[in-house]
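Chemist: I have a structure I would like to understand better, so I am pasting it below and will then ask my questions one at a time.
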Amino acid sequence: MTAAGAFSHRCQRLLLREFVAGDAADAADIRQLHADPRVRALLPDEQPLHEPRWAEAFAACLGSFYRQHPGLGIWRCAVPANDGAERFAGWFSLMPLQANPGTAGLGVQPGDVELGSRLRPEHWGSGLALSGGEVLLRHAFESLGLRTVWGICHPDNRAARGCLAALGFAPRSRAPYEGQLSDYHALDAATWSQVHTLSRRDRLRHRRRATPPSTLSPP
């Protein structure tokens, strides 16, 4: 992975920036995002980020993480509003993926990362997850020079699986993640170079041709 400084992105659709340690508004955004039980329902981890002290501590830890892992992290996502302001919509992330005994057969390598997002329910189905995912995949492969990016979701999260497929990911297997079985999907740099210029619909067609029908199951 090549060196990189702080990452941010602005376009007509969204604004990504780092969360600021000690910023009460950023901590409040994290708390409010996770206060909605619909957001928490399909999360693979159990951090109670809907509690103020946890949200504040989480934002503080991110400040250190950005410095220790340039180019990686969790970024606050805002979207433009009709009044010209920007409204908090959730977050997108590129985080190191830790191999564990349950993923031994998946081919997870040191330096691999996972793509993630958590959005407020009003943005579900709006295409925002795809837009943010495309931004971070371009950053991962073209700026950081990563070999493989993983996408991991709860087995019941059909929307996440569809989003990953539209981004070009292929399903790999079902394996443990944060203490529960989750579905692992992977996208490598070579595939990204082939599909990133395609429309989302054409990416889905490419994925269907490249991946034989199968049911995710433990390796």
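Order determines the names: the first chain of the structure tokens is A, the second B, and so forth; residues in each chain are numbered 1 upward, and ligands are numbered 1 upward as they are shown.
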Excluding stretch 105-121 of chain A and any residue of its chain fewer than 6 positions from it, enumerate the residues within 8 Å of it, using only C-alpha atoms, and give them as a VMD selection string.
Modeler: chain A and resid 1 33 38 to 39 89 to 99 129 133 136 to 137 146 to 152 172 to 173 219
Chemist: List every residue of chain A that DSSP, applied to the backbone of this structure, places in helix (DSSP H, G or I), and write the result as a PyMOL selection string.
Modeler: chain A and resi 24-35+37-40+52-68+101-103+121-123+128-143+158-167+189-195+200-210
Chemist: Within 10 Å of stretch 197-199 of chain A, counting only C-alpha atoms, which residues show up once you throw out same-chain ones fewer than 6 positions away? Write them as a list of chain:residue names, please.
Modeler: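 Contacts, with the query itself left out: A:Ala166, A:Leu167, A:Gly168, A:Arg205, A:His206.
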Chemist: Within stretch 26-198 of chain A, find each residue whose DSSP state, derived from the backbone, is strand (DSSP E), and express the selection as a PyMOL selection string.
Modeler: chain A and resi 73-80+86-96+113-119+148-153+170-177+180-188
Chemist: How close does stretch 9-90 of chain A get to stretch 177-181 of chain A? List, as CSV, each residue of stretch 9-90 of chain A within 12 Å, its nearest atom pair and the distance in Å to one decimal, counting only C-alpha atoms.
Modeler:
residue,atom,partner,partner_atom,distance
A:Leu42,CA,A:Gln180,CA,11.0
A:Leu43,CA,A:Glu178,CA,9.7
A:Pro44,CA,A:Glu178,CA,6.0
A:Asp45,CA,A:Glu178,CA,5.7
A:Glu46,CA,A:Glu178,CA,8.5
A:Gln47,CA,A:Glu178,CA,10.6
Chemist: For A:Gln32, which residue among A:Gly84, A:Pro52, A:Gly73, A:Pro155 is the nearest when counting only C-alpha atoms?
Modeler: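 For A:Gln32, the nearest of the given residues is A:Pro52.
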Chemist: Suppose you want the space between atom CA of A:Ala60 and atom CA of A:Ser8; what is it in Å?
Modeler: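 Here the two named atoms are 18.3 Å from each other.
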